[in-house]
>>> print(open('input_29.pdb').read())   # PDB, C-alpha atoms
ATOM      1  CA  MET K  70     190.031  43.954 102.216
ATOM      2  CA  THR K  71     187.183  41.953 103.724
ATOM      3  CA  PHE K  72     183.880  41.156 102.028
ATOM      4  CA  SER K  73     181.982  43.533 104.332
ATOM      5  CA  GLU K  74     184.431  46.334 103.449
ATOM      6  CA  LEU K  75     184.014  45.637  99.725
ATOM      7  CA  ILE K  76     180.222  45.879  99.833
ATOM      8  CA  ARG K  77     180.154  48.972 102.063
ATOM      9  CA  SER K  78     180.528  51.284  99.071
ATOM     10  CA  ASP K  79     178.318  54.174  97.947
ATOM     11  CA  LYS K  80     178.704  52.797  94.439
ATOM     12  CA  PRO K  81     176.715  49.639  93.689
ATOM     13  CA  VAL K  82     178.728  46.434  94.060
ATOM     14  CA  LEU K  83     177.619  43.450  91.959
ATOM     15  CA  VAL K  84     178.728  40.184  93.514
ATOM     16  CA  ASP K  85     178.647  37.055  91.366
ATOM     17  CA  PHE K  86     178.288  34.118  93.765
ATOM     18  CA  SER K  87     179.663  31.275  91.659
ATOM     19  CA  ALA K  88     181.599  28.012  91.661
ATOM     20  CA  GLU K  89     184.351  26.625  89.421
ATOM     21  CA  TRP K  90     182.305  23.492  88.594
ATOM     22  CA  CYS K  91     179.239  25.528  87.528
ATOM     23  CA  GLY K  92     178.560  25.633  83.768
ATOM     24  CA  PRO K  93     176.197  28.637  83.811
ATOM     25  CA  CYS K  94     178.763  30.516  85.941
ATOM     26  CA  LYS K  95     181.290  30.083  83.128
ATOM     27  CA  MET K  96     178.715  31.422  80.648
ATOM     28  CA  LEU K  97     178.257  34.478  82.862
ATOM     29  CA  ALA K  98     181.961  35.464  82.904
ATOM     30  CA  PRO K  99     182.061  37.157  79.447
ATOM     31  CA  ILE K 100     178.676  38.798  80.156
ATOM     32  CA  LEU K 101     180.111  40.362  83.324
ATOM     33  CA  GLU K 102     183.142  41.576  81.336
ATOM     34  CA  ASP K 103     180.723  43.271  78.922
ATOM     35  CA  VAL K 104     178.794  44.853  81.821
ATOM     36  CA  LYS K 105     182.062  46.158  83.301
ATOM     37  CA  ARG K 106     182.907  47.806  79.952
ATOM     38  CA  ARG K 107     179.425  49.381  79.768
ATOM     39  CA  ILE K 108     179.255  50.618  83.368
ATOM     40  CA  GLY K 109     182.888  51.680  83.813
ATOM     41  CA  ASP K 110     183.761  52.915  87.288
ATOM     42  CA  LYS K 111     180.142  53.676  88.259
ATOM     43  CA  ALA K 112     179.964  50.227  89.896
ATOM     44  CA  THR K 113     182.202  47.437  91.156
ATOM     45  CA  ILE K 114     181.847  43.849  89.978
ATOM     46  CA  PHE K 115     183.506  40.846  91.536
ATOM     47  CA  LYS K 116     183.186  37.091  91.717
ATOM     48  CA  LEU K 117     182.922  35.143  94.963
ATOM     49  CA  ASP K 118     183.565  31.391  94.960
ATOM     50  CA  VAL K 119     180.901  29.805  97.196
ATOM     51  CA  ASP K 120     183.061  26.722  97.802
ATOM     52  CA  ARG K 121     185.896  28.854  99.172
ATOM     53  CA  ASN K 122     183.597  31.245 101.051
ATOM     54  CA  PRO K 123     180.714  29.106 102.358
ATOM     55  CA  LEU K 124     179.987  31.323 105.373
ATOM     56  CA  ILE K 125     179.499  34.435 103.245
ATOM     57  CA  ALA K 126     177.323  32.507 100.767
ATOM     58  CA  SER K 127     175.146  31.034 103.516
ATOM     59  CA  SER K 128     174.817  34.376 105.313
ATOM     60  CA  TYR K 129     173.091  35.716 102.151
ATOM     61  CA  ASN K 130     171.071  32.488 101.635
ATOM     62  CA  VAL K 131     172.791  31.683  98.351
ATOM     63  CA  MET K 132     171.362  28.253  97.514
ATOM     64  CA  ALA K 133     172.111  28.147  93.783
ATOM     65  CA  VAL K 134     174.886  29.392  91.537
ATOM     66  CA  PRO K 135     175.176  31.710  89.834
ATOM     67  CA  THR K 136     173.410  34.123  92.166
ATOM     68  CA  LEU K 137     173.952  37.820  91.534
ATOM     69  CA  ILE K 138     173.443  40.331  94.327
ATOM     70  CA  ILE K 139     173.895  44.079  94.098
ATOM     71  CA  PHE K 140     174.977  45.642  97.383
ATOM     72  CA  GLN K 141     174.964  49.319  98.234
ATOM     73  CA  ASN K 142     176.257  50.714 101.509
ATOM     74  CA  GLY K 143     176.616  47.156 102.803
ATOM     75  CA  LYS K 144     173.019  46.130 102.112
ATOM     76  CA  PRO K 145     171.665  43.839  99.390
ATOM     77  CA  VAL K 146     169.392  45.951  97.163
ATOM     78  CA  TRP K 147     168.822  43.598  94.199
ATOM     79  CA  ARG K 148     169.137  39.850  93.644
ATOM     80  CA  ARG K 149     168.700  37.310  90.823
ATOM     81  CA  SER K 150     169.759  33.724  90.218
ATOM     82  CA  GLY K 151     170.807  32.344  86.848
ATOM     83  CA  VAL K 152     172.391  33.835  83.756
ATOM     84  CA  LEU K 153     171.190  37.288  82.774
ATOM     85  CA  SER K 154     172.050  39.371  79.722
ATOM     86  CA  ALA K 155     174.545  42.230  79.840
ATOM     87  CA  VAL K 156     171.683  44.640  79.081
ATOM     88  CA  GLU K 157     169.625  43.393  82.065
ATOM     89  CA  LEU K 158     172.589  43.579  84.433
ATOM     90  CA  THR K 159     173.643  47.017  83.205
ATOM     91  CA  LYS K 160     170.084  48.335  83.709
ATOM     92  CA  ALA K 161     169.983  46.848  87.212
ATOM     93  CA  LEU K 162     173.298  48.485  88.150
ATOM     94  CA  GLU K 163     172.347  51.814  86.602
ATOM     95  CA  ALA K 164     169.211  51.892  88.776
ATOM     96  CA  PHE K 165     171.547  52.249  91.788
ATOM     97  CA  THR K 166     174.159  54.604  90.323
ATOM     98  CA  SER K 167     173.884  58.313  90.930
ATOM     99  CA  THR K 168     173.731  59.584  87.371
ATOM    100  CA  ALA K 169     172.099  62.924  88.185
ATOM    101  CA  GLU K 170     174.132  65.694  86.590
ATOM    102  CA  VAL K 171     174.354  69.068  88.290
ATOM    103  CA  GLU K 172     173.694  71.906  85.867
TER     104      GLU K 172
END
>>> encode(input="input_29.pdb", output="C-alpha cells")
Amino acid sequence: MTFSELIRSDKPVLVDFSAEWCGPCKMLAPILEDVKRRIGDKATIFKLDVDRNPLIASSYNVMAVPTLIIFQNGKPVWRRSGVLSAVELTKALEAFTSTAEVE
C-alpha cells in the first residue's frame, strides 16, 4: 500500500514523521501506543521514517522531527511538531472521528 492510499481514509490517519536518530521521537513511541489503546480502531496511527522517505516528508514540508500530521480523505487536517501528551493527541484525533450515535 502506498502512502497516498494509506492517508486516503475516511477515518483520521495520524502520521508520525520521525527518524531513528531522534531522541524526542523515541519518547513519542510509548505515547503513540497509549493513544492507539485509547482510540482503538476509530483512527489509524503509523510512523514514517523521514530518512527513508525524504520525498514524502518534503512534500508535506516536514522540517523537524517529530512532526505529527492527521490526514483525512488524503488531506492534512491537523499538524504539530514536538512531543505531545497522549491526552492531547487523543483529543486531536477524536475531533476528526465520527462519534455521532444514531438513536
>>> closest_residue(input="input_29.pdb", among="K:Thr159, K:Ser150, K:Asn122, K:Gln141", to="Lys105 (chain K)", atoms="all atoms listed in the file")
K:Thr159
>>> resolve_selection(input="input_29.pdb", expression="the PyMOL selection byres ((chain K and resi 87) around 9)", output="number ranges by chain")
K: 85-86, 88-91, 93-95, 116-120, 133-137
>>> closest_residue(input="input_29.pdb", among="K:Leu153, K:Ile114, K:Leu124, K:Leu97", to="Ile76 (chain K)", atoms="all atoms listed in the file")
K:Ile114
>>> atom_distance(input="input_29.pdb", atom1="CA of Met96 (chain K)", atom2="CA of Thr71 (chain K)")
26.7 Å
>>> atom_distance(input="input_29.pdb", atom1="CA of Ser167 (chain K)", atom2="CA of Phe72 (chain K)")
22.7 Å
>>> atom_distance(input="input_29.pdb", atom1="CA of Ala112 (chain K)", atom2="CA of Trp147 (chain K)")
13.7 Å
>>> closest_residue(input="input_29.pdb", among="K:Ile139, K:Arg121, K:Tyr129, K:Ala98", to="Lys160 (chain K)", atoms="all atoms listed in the file")
K:Ile139
>>> resolve_selection(input="input_29.pdb", expression="the PyMOL selection byres ((chain K and resi 165) around 12)", output="PyMOL selection string")
chain K and resi 78-83+108+111-113+139-142+145-147+158-164+166-169
>>> closest_residue(input="input_29.pdb", among="K:Gly143, K:Phe115, K:Glu102, K:Arg149", to="Arg77 (chain K)", atoms="only C-alpha atoms")
K:Gly143
>>> resolve_selection(input="input_29.pdb", expression="the PyMOL selection byres ((chain K and resi 155) around 8)", output="list of chain:residue names")
K:Ile100, K:Leu101, K:Asp103, K:Val104, K:Leu153, K:Ser154, K:Val156, K:Glu157, K:Leu158, K:Thr159
>>> write_last_selection(input="input_29.pdb", atoms="C-alpha atoms", output="compact mmCIF listing (two decimals), keeping the file's coordinate frame")
# COMPACT_ATOMS: atom_id res chain seq x y z
CA ILE K 100 178.68 38.80 80.16
CA LEU K 101 180.11 40.36 83.32
CA ASP K 103 180.72 43.27 78.92
CA VAL K 104 178.79 44.85 81.82
CA LEU K 153 171.19 37.29 82.77
CA SER K 154 172.05 39.37 79.72
CA VAL K 156 171.68 44.64 79.08
CA GLU K 157 169.62 43.39 82.06
CA LEU K 158 172.59 43.58 84.43
CA THR K 159 173.64 47.02 83.20
>>> closest_residue(input="input_29.pdb", among="K:Gly151, K:Ala126, K:Ser73, K:Gly109", to="Gly92 (chain K)", atoms="all atoms listed in the file")
K:Gly151
